[in-house]
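structure30.tsv (TSV, C-alpha atoms) appears below.
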chain	number	residue	atom	x	y	z
X	1	MET	CA	-12.22	-11.90	24.62
X	2	GLN	CA	-11.73	-9.91	21.44
X	3	TYR	CA	-13.26	-9.52	17.99
X	4	GLN	CA	-11.24	-10.89	15.06
X	5	ALA	CA	-11.87	-10.87	11.31
X	6	VAL	CA	-10.98	-14.42	10.25
X	7	VAL	CA	-10.48	-16.09	6.86
X	8	ARG	CA	-11.07	-19.85	6.92
X	9	LYS	CA	-11.15	-20.38	3.16
X	10	PHE	CA	-9.84	-18.37	0.22
X	11	GLY	CA	-12.23	-16.47	-2.01
X	12	PRO	CA	-13.93	-13.09	-2.54
X	13	ALA	CA	-13.30	-11.04	0.60
X	14	PRO	CA	-16.93	-10.02	1.35
X	15	GLU	CA	-17.89	-13.70	1.23
X	16	VAL	CA	-15.08	-15.37	3.18
X	17	VAL	CA	-14.13	-12.87	5.92
X	18	GLY	CA	-16.14	-13.43	9.09
X	19	ILE	CA	-16.17	-11.91	12.56
X	20	GLU	CA	-15.39	-14.23	15.45
X	21	ARG	CA	-14.87	-13.85	19.19
X	22	ALA	CA	-11.70	-15.35	20.61
X	23	PRO	CA	-9.95	-15.38	24.00
X	24	LEU	CA	-6.71	-13.46	24.41
X	25	PRO	CA	-3.73	-15.82	24.64
X	26	ALA	CA	-1.10	-15.58	27.35
X	27	LEU	CA	1.41	-12.90	26.36
X	28	ARG	CA	4.87	-14.26	25.57
X	29	ARG	CA	7.67	-12.81	27.70
X	30	ASP	CA	9.46	-11.41	24.60
X	31	HIS	CA	6.36	-9.95	22.88
X	32	VAL	CA	4.20	-6.86	23.20
X	33	ARG	CA	0.43	-6.69	23.00
X	34	VAL	CA	-0.89	-3.73	21.03
X	35	ARG	CA	-4.43	-2.38	20.97
X	36	LEU	CA	-5.37	-1.78	17.34
X	37	LEU	CA	-7.27	1.47	16.86
X	38	ALA	CA	-7.50	2.07	13.10
X	39	ARG	CA	-6.91	-0.26	10.15
X	40	SER	CA	-6.76	0.23	6.38
X	41	ILE	CA	-8.31	-2.07	3.80
X	42	ASN	CA	-5.75	-2.36	0.98
X	43	PRO	CA	-5.60	-4.25	-2.34
X	44	SER	CA	-2.81	-6.40	-0.87
X	45	ASP	CA	-5.24	-7.61	1.81
X	46	ILE	CA	-7.91	-8.50	-0.76
X	47	ILE	CA	-5.39	-10.30	-2.99
X	48	THR	CA	-4.13	-12.37	-0.05
X	49	ILE	CA	-7.70	-13.26	0.99
X	50	SER	CA	-8.45	-14.37	-2.59
X	51	GLY	CA	-5.79	-17.08	-2.35
X	52	ALA	CA	-3.32	-15.54	-4.81
X	53	TYR	CA	-0.53	-16.17	-2.27
X	54	ALA	CA	-1.93	-19.46	-0.97
X	55	GLY	CA	1.53	-21.02	-1.03
X	56	ARG	CA	2.74	-18.68	1.71
X	57	THR	CA	-0.54	-18.13	3.59
X	58	THR	CA	-1.76	-20.67	6.13
X	59	LEU	CA	-5.48	-20.97	6.85
X	60	PRO	CA	-7.13	-19.79	9.00
X	61	PHE	CA	-5.61	-16.32	9.25
X	62	ILE	CA	-6.44	-12.76	10.28
X	63	PRO	CA	-5.86	-10.24	7.45
X	64	GLY	CA	-4.60	-6.68	7.72
X	65	PHE	CA	-1.10	-5.48	6.85
X	66	GLU	CA	-1.61	-1.85	7.91
X	67	ALA	CA	-2.97	-0.98	11.34
X	68	PHE	CA	-2.28	1.78	13.85
X	69	SER	CA	-2.05	0.82	17.49
X	70	VAL	CA	-0.82	1.68	20.97
X	71	VAL	CA	1.19	-0.58	23.25
X	72	GLU	CA	-1.21	-2.25	25.71
X	73	ALA	CA	1.12	-4.64	27.58
X	74	CYS	CA	4.72	-5.86	27.48
X	75	GLY	CA	6.18	-9.25	28.22
X	76	GLU	CA	8.63	-9.38	31.10
X	77	ALA	CA	11.64	-9.47	28.76
X	78	VAL	CA	10.60	-6.36	26.79
X	79	TYR	CA	12.21	-3.02	27.59
X	80	GLY	CA	12.17	0.46	26.07
X	81	LEU	CA	8.61	0.40	24.75
X	82	PRO	CA	6.41	2.21	27.30
X	83	LEU	CA	2.72	1.49	27.55
X	84	GLY	CA	0.74	3.85	25.32
X	85	THR	CA	3.53	4.17	22.74
X	86	ARG	CA	2.03	4.77	19.26
X	87	VAL	CA	3.21	2.05	16.86
X	88	LEU	CA	2.56	0.27	13.58
X	89	PRO	CA	3.21	-3.48	13.87
X	90	VAL	CA	4.65	-4.68	10.55
X	91	ARG	CA	6.18	-7.76	8.84
X	92	SER	CA	2.98	-9.80	9.34
X	93	ALA	CA	-0.76	-9.62	8.83
X	94	GLY	CA	-3.20	-9.67	11.74
X	95	GLY	CA	-4.36	-6.06	11.84
X	96	TRP	CA	-8.08	-6.83	11.59
X	97	GLN	CA	-8.58	-7.67	15.26
X	98	GLU	CA	-8.76	-5.75	18.53
X	99	PHE	CA	-5.39	-6.83	19.90
X	100	LYS	CA	-2.25	-8.25	18.35
X	101	ASP	CA	0.79	-9.85	20.01
X	102	THR	CA	4.00	-9.14	18.13
X	103	ASP	CA	7.77	-8.86	18.29
X	104	PRO	CA	8.58	-5.40	19.71
X	105	SER	CA	11.37	-4.94	17.17
X	106	TRP	CA	8.71	-5.07	14.43
X	107	CYS	CA	6.87	-2.04	15.79
X	108	LEU	CA	7.47	1.18	13.89
X	109	ARG	CA	7.26	4.29	16.05
X	110	VAL	CA	4.47	6.65	14.93
X	111	PRO	CA	5.13	10.37	15.55
X	112	ASP	CA	2.60	12.35	17.59
X	113	ALA	CA	2.23	14.76	14.66
X	114	LEU	CA	0.10	12.18	12.80
X	115	SER	CA	-3.57	11.70	13.60
X	116	ASP	CA	-4.82	8.15	14.19
X	117	PHE	CA	-6.28	7.98	10.68
X	118	GLU	CA	-3.11	9.43	9.12
X	119	ALA	CA	-1.12	6.79	11.00
X	120	ALA	CA	-3.44	4.03	9.75
X	121	THR	CA	-2.70	5.03	6.15
X	122	SER	CA	0.98	5.93	6.57
X	123	TYR	CA	2.62	2.63	5.70
X	124	VAL	CA	1.54	0.57	2.67
X	125	ASN	CA	1.00	3.27	0.04
X	126	PRO	CA	3.36	6.01	1.28
X	127	MET	CA	6.25	3.60	1.90
X	128	THR	CA	5.73	1.90	-1.46
X	129	ALA	CA	5.66	5.24	-3.25
X	130	TRP	CA	8.69	6.64	-1.39
X	131	LEU	CA	10.84	3.56	-1.99
X	132	MET	CA	9.93	3.27	-5.67
X	133	LEU	CA	10.68	6.91	-6.34
X	134	HIS	CA	13.83	7.26	-4.26
X	135	ASN	CA	15.33	3.76	-4.08
X	136	LYS	CA	14.21	2.31	-7.42
X	137	ILE	CA	14.28	5.14	-9.97
X	138	GLY	CA	16.37	7.71	-8.11
X	139	LEU	CA	13.89	10.58	-8.49
X	140	ARG	CA	15.53	13.92	-9.19
X	141	PRO	CA	14.52	17.28	-10.68
X	142	GLY	CA	14.09	17.20	-14.43
X	143	MET	CA	13.02	13.56	-14.68
X	144	ARG	CA	9.98	12.65	-16.77
X	145	ILE	CA	7.82	9.90	-15.31
X	146	ALA	CA	4.35	8.44	-15.86
X	147	VAL	CA	1.96	7.12	-13.21
X	148	ASN	CA	-1.14	5.06	-14.01
X	149	ALA	CA	-4.19	4.78	-11.74
X	150	ALA	CA	-3.12	8.32	-10.89
X	151	ALA	CA	-6.34	9.21	-9.06
X	152	SER	CA	-5.98	6.25	-6.68
X	153	SER	CA	-4.70	6.68	-3.15
X	154	ILE	CA	-1.17	5.63	-4.08
X	155	GLY	CA	-1.32	7.65	-7.29
X	156	SER	CA	-1.99	10.76	-5.25
X	157	VAL	CA	0.97	9.97	-2.98
X	158	LEU	CA	3.28	9.38	-5.95
X	159	ILE	CA	2.31	12.69	-7.53
X	160	GLY	CA	2.74	14.58	-4.25
X	161	LEU	CA	6.21	13.15	-3.64
X	162	ALA	CA	7.22	13.83	-7.25
X	163	ASN	CA	5.97	17.42	-7.05
X	164	ALA	CA	8.04	17.91	-3.89
X	165	VAL	CA	11.22	17.63	-5.97
X	166	GLY	CA	9.85	19.61	-8.92
X	167	VAL	CA	8.72	16.69	-11.09
X	168	GLU	CA	5.29	16.81	-12.77
X	169	PRO	CA	4.29	13.28	-13.85
X	170	VAL	CA	2.20	12.21	-16.80
X	171	ALA	CA	-0.99	11.20	-14.95
X	172	ILE	CA	-2.98	8.33	-16.47
X	173	VAL	CA	-6.61	7.86	-15.34
X	174	ARG	CA	-9.58	5.82	-16.53
X	175	SER	CA	-12.35	8.44	-16.60
X	176	GLU	CA	-13.23	12.12	-16.57
X	177	GLU	CA	-14.48	11.62	-13.02
X	178	SER	CA	-11.01	10.41	-12.03
X	179	ARG	CA	-9.48	13.43	-13.74
X	180	GLN	CA	-11.55	15.67	-11.47
X	181	ARG	CA	-10.17	13.89	-8.43
X	182	LEU	CA	-6.51	14.32	-9.36
X	183	ARG	CA	-4.34	16.24	-6.95
X	184	GLY	CA	-1.02	17.97	-7.48
X	185	ARG	CA	0.71	19.16	-10.65
X	186	HIS	CA	0.90	17.10	-13.83
X	187	GLU	CA	2.77	17.36	-17.09
X	188	THR	CA	-0.42	16.13	-18.75
X	189	VAL	CA	-3.42	13.91	-18.04
X	190	VAL	CA	-4.21	10.89	-20.23
X	191	ILE	CA	-7.72	9.43	-20.00
X	192	ASP	CA	-7.40	5.74	-20.82
X	193	ARG	CA	-10.91	4.40	-21.48
X	194	GLU	CA	-10.27	2.16	-24.50
X	195	ASP	CA	-7.32	0.15	-25.79
X	196	SER	CA	-6.35	2.90	-28.23
X	197	ASP	CA	-6.64	5.80	-25.78
X	198	LEU	CA	-3.36	5.21	-23.98
X	199	ALA	CA	-1.30	5.06	-27.15
X	200	ALA	CA	-2.99	8.19	-28.49
X	201	GLY	CA	-2.52	10.04	-25.20
X	202	LEU	CA	1.18	9.18	-25.04
X	203	ALA	CA	1.85	9.97	-28.71
X	204	GLY	CA	4.62	12.53	-28.88
X	205	ARG	CA	5.52	11.98	-25.24
X	206	HIS	CA	8.19	9.33	-25.76
X	207	GLY	CA	11.42	9.72	-23.85
X	208	LEU	CA	10.08	9.07	-20.36
X	209	ASP	CA	12.70	8.23	-17.73
X	210	ALA	CA	10.43	5.93	-15.72
X	211	VAL	CA	6.97	4.40	-15.62
X	212	LEU	CA	5.26	3.31	-12.39
X	213	ASP	CA	2.67	0.67	-13.26
X	214	CYS	CA	0.08	-0.81	-10.89
X	215	VAL	CA	-2.34	-1.99	-13.59
X	216	GLY	CA	-0.50	-4.62	-15.65
X	217	GLY	CA	-2.16	-6.33	-18.62
X	218	PRO	CA	-1.54	-5.52	-22.29
X	219	ARG	CA	-1.38	-1.76	-21.64
X	220	ALA	CA	2.00	-2.31	-19.99
X	221	SER	CA	3.52	-2.62	-23.46
X	222	VAL	CA	2.03	0.72	-24.50
X	223	LEU	CA	3.52	2.35	-21.42
X	224	ALA	CA	6.91	0.79	-22.08
X	225	ASP	CA	6.85	2.15	-25.64
X	226	ALA	CA	6.97	5.66	-24.16
X	227	LEU	CA	10.20	5.01	-22.25
X	228	LYS	CA	13.54	6.21	-23.55
X	229	PRO	CA	16.27	3.59	-24.08
X	230	GLY	CA	17.42	2.54	-20.64
X	231	GLY	CA	14.24	3.90	-19.07
X	232	HIS	CA	12.93	2.14	-15.96
X	233	PHE	CA	9.61	0.27	-15.86
X	234	VAL	CA	8.56	-0.46	-12.27
X	235	HIS	CA	5.63	-2.86	-11.88
X	236	TYR	CA	4.00	-2.96	-8.46
X	237	GLY	CA	0.35	-3.94	-8.84
X	238	LEU	CA	-2.23	-5.75	-10.94
X	239	LEU	CA	-5.45	-3.72	-10.80
X	240	SER	CA	-6.46	-5.01	-14.24
X	241	GLY	CA	-6.35	-8.59	-12.96
X	242	GLN	CA	-4.25	-9.45	-16.03
X	243	SER	CA	-0.57	-10.30	-16.08
X	244	ILE	CA	1.88	-8.49	-18.32
X	245	PRO	CA	1.99	-10.45	-21.62
X	246	ASN	CA	4.98	-12.72	-22.23
X	247	THR	CA	5.70	-10.76	-25.41
X	248	PHE	CA	6.48	-7.69	-23.31
X	249	TRP	CA	10.12	-8.54	-22.62
X	250	ALA	CA	11.08	-9.55	-26.14
X	251	SER	CA	9.57	-6.38	-27.59
X	252	HIS	CA	11.29	-4.07	-25.06
X	253	PRO	CA	14.89	-5.28	-24.77
X	254	ASP	CA	16.30	-1.78	-24.21
X	255	ILE	CA	14.51	-0.88	-20.98
X	256	ARG	CA	15.11	-1.75	-17.33
X	257	PHE	CA	12.29	-3.69	-15.68
X	258	SER	CA	11.76	-4.40	-12.01
X	259	PHE	CA	9.03	-5.46	-9.62
X	260	PHE	CA	8.40	-3.78	-6.30
X	261	HIS	CA	6.62	-5.44	-3.37
X	262	LEU	CA	6.79	-3.67	-0.02
X	263	ARG	CA	6.48	-6.95	1.87
X	264	GLU	CA	9.61	-8.36	0.21
X	265	TRP	CA	11.58	-5.16	0.85
X	266	VAL	CA	10.60	-5.03	4.52
X	267	HIS	CA	11.58	-8.66	5.07
X	268	SER	CA	14.94	-8.14	3.37
X	269	GLU	CA	15.94	-5.05	5.37
X	270	THR	CA	16.95	-4.45	8.97
X	271	MET	CA	14.26	-2.82	11.08
X	272	ASP	CA	16.59	0.16	11.57
X	273	ASN	CA	16.46	0.76	7.81
X	274	VAL	CA	12.70	0.25	7.73
X	275	GLN	CA	12.23	2.74	10.58
X	276	ARG	CA	14.54	5.22	8.84
X	277	ALA	CA	12.50	5.06	5.62
X	278	TYR	CA	9.24	5.25	7.58
X	279	SER	CA	10.48	8.38	9.38
X	280	GLU	CA	11.16	10.01	5.99
X	281	VAL	CA	7.61	9.16	4.93
X	282	THR	CA	5.90	10.38	8.10
X	283	ALA	CA	7.79	13.67	7.83
X	284	GLN	CA	6.18	14.17	4.40
X	285	ILE	CA	2.74	13.36	5.84
X	286	ALA	CA	3.20	15.68	8.81
X	287	ALA	CA	4.29	18.47	6.44
X	288	LYS	CA	1.13	17.87	4.31
X	289	VAL	CA	3.26	17.12	1.25
X	290	ILE	CA	1.22	13.93	0.86
X	291	ALA	CA	-2.17	12.94	2.23
X	292	THR	CA	-4.54	9.99	1.97
X	293	GLU	CA	-8.25	10.62	1.63
X	294	VAL	CA	-10.42	8.57	4.00
X	295	ARG	CA	-13.72	7.76	2.33
X	296	GLU	CA	-15.58	5.81	5.02
X	297	VAL	CA	-14.94	4.37	8.48
X	298	PHE	CA	-16.63	1.25	9.85
X	299	PRO	CA	-16.35	-0.56	13.19
X	300	LEU	CA	-14.48	-3.85	12.95
X	301	GLU	CA	-17.67	-5.79	13.67
X	302	ARG	CA	-19.14	-4.52	10.38
X	303	ILE	CA	-16.29	-5.91	8.29
X	304	GLY	CA	-18.66	-7.23	5.59
X	305	GLU	CA	-20.10	-3.76	4.93
X	306	ALA	CA	-16.61	-2.26	5.01
X	307	LEU	CA	-15.35	-4.69	2.39
X	308	GLN	CA	-18.31	-4.00	0.12
X	309	ALA	CA	-17.62	-0.26	0.44
X	310	ALA	CA	-13.88	-0.67	-0.23
X	311	LEU	CA	-14.35	-2.43	-3.58
X	312	PRO	CA	-13.50	-1.48	-6.25
X	313	PHE	CA	-10.36	0.36	-5.17
X	314	ARG	CA	-10.34	2.62	-8.22
X	315	THR	CA	-13.14	4.74	-6.78
X	316	GLY	CA	-10.55	6.47	-4.60
X	317	GLY	CA	-10.18	7.11	-0.89
X	318	LYS	CA	-9.49	4.57	1.82
X	319	VAL	CA	-12.02	2.61	3.82
X	320	LEU	CA	-10.90	2.15	7.41
X	321	LEU	CA	-11.86	-0.19	10.23
X	322	ALA	CA	-11.87	1.59	13.58
Give the structure from this file in structure tokens form.
Amino acid sequence: MQYQAVVRKFGPAPEVVGIERAPLPALRRDHVRVRLLARSINPSDIITISGAYAGRTTLPFIPGFEAFSVVEACGEAVYGLPLGTRVLPVRSAGGWQEFKDTDPSWCLRVPDALSDFEAATSYVNPMTAWLMLHNKIGLRPGMRIAVNAAASSIGSVLIGLANAVGVEPVAIVRSEESRQRLRGRHETVVIDREDSDLAAGLAGRHGLDAVLDCVGGPRASVLADALKPGGHFVHYGLLSGQSIPNTFWASHPDIRFSFFHLREWVHSETMDNVQRAYSEVTAQIAAKVIATEVREVFPLERIGEALQAALPFRTGGKVLLA
């Protein structure tokens, strides 16, 4: 038997995620069983639980896209993955349980240099940040970029990776408290409390090469105004809960716009390419170029308390299930 966090109807995560006990199924001959040791609670998990992706999510389901584990057992047709190997099972949810059966080719190898908690936070935010900076905008010395929600966990990773190549982003935060939590070097800090604050803070700072936006809403247009012609607007989150207005595209015909969703990238790439990118990311974590703050840790059985502690995500630091 094992504990599982199960969603049987869509809705607010603290209300619809429940703990259940379930028997372990027979292990398929071509699968591995991993013992999950540490799991992150991410915005992508909460959004999925809410029903935003109901068209591609079948109820009931076990959430959790980011979970560190060790190989517990291998089916008879599995070779080259010794018991005890440290892995991150990807390409599917299911991290919020004690054990998970998965395709061995979907297991990213976790280097010994990472602690268990570092491993549990090494995938969703660091991979998203790395791929946006290096694959999407082609980060290089001398570029001018802006990052909103800059005091968030992913904001900290973006700034650390940018600093590593000599780039100091414009950091956009919502409060003085968030300013105090910023890490790394910044070209400037913009405190965006009211609708007019962002425009005032970016005044005179036009000519940005790229904007990395995880907030959305009407402020996206203000951010886009600060881009130079041909500048790149990368949209990867919706912390405001508001979509980018339809007027955005007509009023910014001279910029490049793209979405980034890690899930889509991972499903479109070979696992060799995913492992290669993940190895680049874990090298940055091991070298302390980037780090993720862990705010609180709860046992899986206390999932309700953990979810209450994790929300809202803007308060910074990750809540883990261990």
For segment 254-264 of chain X, take all atoms listed in the file, fit an axis-aligned box around them, add 4 Å to each of the six sides, then output centre and edge lengths in Å rounded to one decimal, as lines of an AutoDock Vina configuration file.
center_x = 11.4
center_y = -4.6
center_z = -11.2
size_x = 17.8
size_y = 15.5
size_z = 34.1
Taking all atoms listed in the file into account, name the residue in X:Gln4, X:Ser196, X:Ser279, X:Thr270 that is nearest to Ser105 of chain X. X:Thr270
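Comparing X:Ser243, X:Ser122, X:Ser115, X:Ser178 by their smallest distance to Leu88 of chain X, the closest is X:Ser122 (using all atoms listed in the file).
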Sort by chain and increasing residue number a table of all residues of segment 230-301 of chain X within 7 Å of segment 315-320 of chain X, each with its closest pair of atoms and their distance in Å to one decimal, counting only C-alpha atoms, and write it as a tab-separated table.
residue	atom	partner	partner_atom	distance
X:Thr292	CA	X:Gly317	CA	6.9
X:Glu293	CA	X:Gly317	CA	4.7
X:Val294	CA	X:Lys318	CA	4.6
X:Arg295	CA	X:Gly317	CA	4.8
X:Glu296	CA	X:Val319	CA	4.9
X:Val297	CA	X:Leu320	CA	4.7
X:Phe298	CA	X:Leu320	CA	6.3
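Atom CA of Ala119 of chain X is found 26.2 Å from atom CA of Pro169 of chain X.
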Extract, using only C-alpha atoms, all DNA, RNA and protein residues at most 7 Å from segment 53-70 of chain X, discarding same-chain residues fewer than 4 positions from it, and format them as a VMD selection string. chain X and resid 5 to 9 34 to 40 45 48 84 to 88 90 92 to 96 116 119 to 120 123 to 124
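Taking atom CA of Val32 of chain X and atom CA of Ala73 of chain X as the two end points, the separation is 5.8 Å.
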Coordinates-based distance that separates atom CA of Thr282 of chain X from atom CA of Asn135 of chain X (Å, one decimal): 16.8 Å
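Counting all atoms listed in the file and comparing X:Asp272, X:Asp192, X:Glu177, X:Glu15, the residue that lies closest to Cys107 of chain X is X:Asp272.
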Of X:Ile244, X:Val222, X:Val215, X:Ala26, the one sitting nearest Ala200 of chain X when using all atoms listed in the file is X:Val222
Which polymer residues have any atom within 6 Å of an atom of Ile290 of chain X, counting all atoms listed in the file, with same-chain residues fewer than 4 positions away left out, as a count of residues only? 3
Residues near Leu131 of chain X, cut-off 10 Å, all atoms listed in the file, skip fewer than 3 positions along chain, as a ChimeraX atom specification: /X:126-128,134-138,260,262,265,277-278,281
Preceding selection exported with C-alpha atoms as a compact mmCIF listing (two decimals), in the coordinates of the input:
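Dumped everything to selection_22.txt:
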# COMPACT_ATOMS: atom_id res chain seq x y z
CA PRO X 126 3.36 6.01 1.28
CA MET X 127 6.25 3.60 1.90
CA THR X 128 5.73 1.90 -1.46
CA HIS X 134 13.83 7.26 -4.26
CA ASN X 135 15.33 3.76 -4.08
CA LYS X 136 14.21 2.31 -7.42
CA ILE X 137 14.28 5.14 -9.97
CA GLY X 138 16.37 7.71 -8.11
CA PHE X 260 8.40 -3.78 -6.30
CA LEU X 262 6.79 -3.67 -0.02
CA TRP X 265 11.58 -5.16 0.85
CA ALA X 277 12.50 5.06 5.62
CA TYR X 278 9.24 5.25 7.58
CA VAL X 281 7.61 9.16 4.93
Identify which of the residues X:Ser44, X:Trp249, X:Glu76, X:Val170 lies closest to Arg263 of chain X, counting all atoms listed in the file when measuring atom-to-atom distances.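 Looking only at the distances to Arg263 of chain X, the closest residue turns out to be X:Ser44.
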6 Å contact set for Ile145 of chain X, only C-alpha atoms, chain neighbours under 2 positions out, as number ranges by chain: X: 169, 208-211
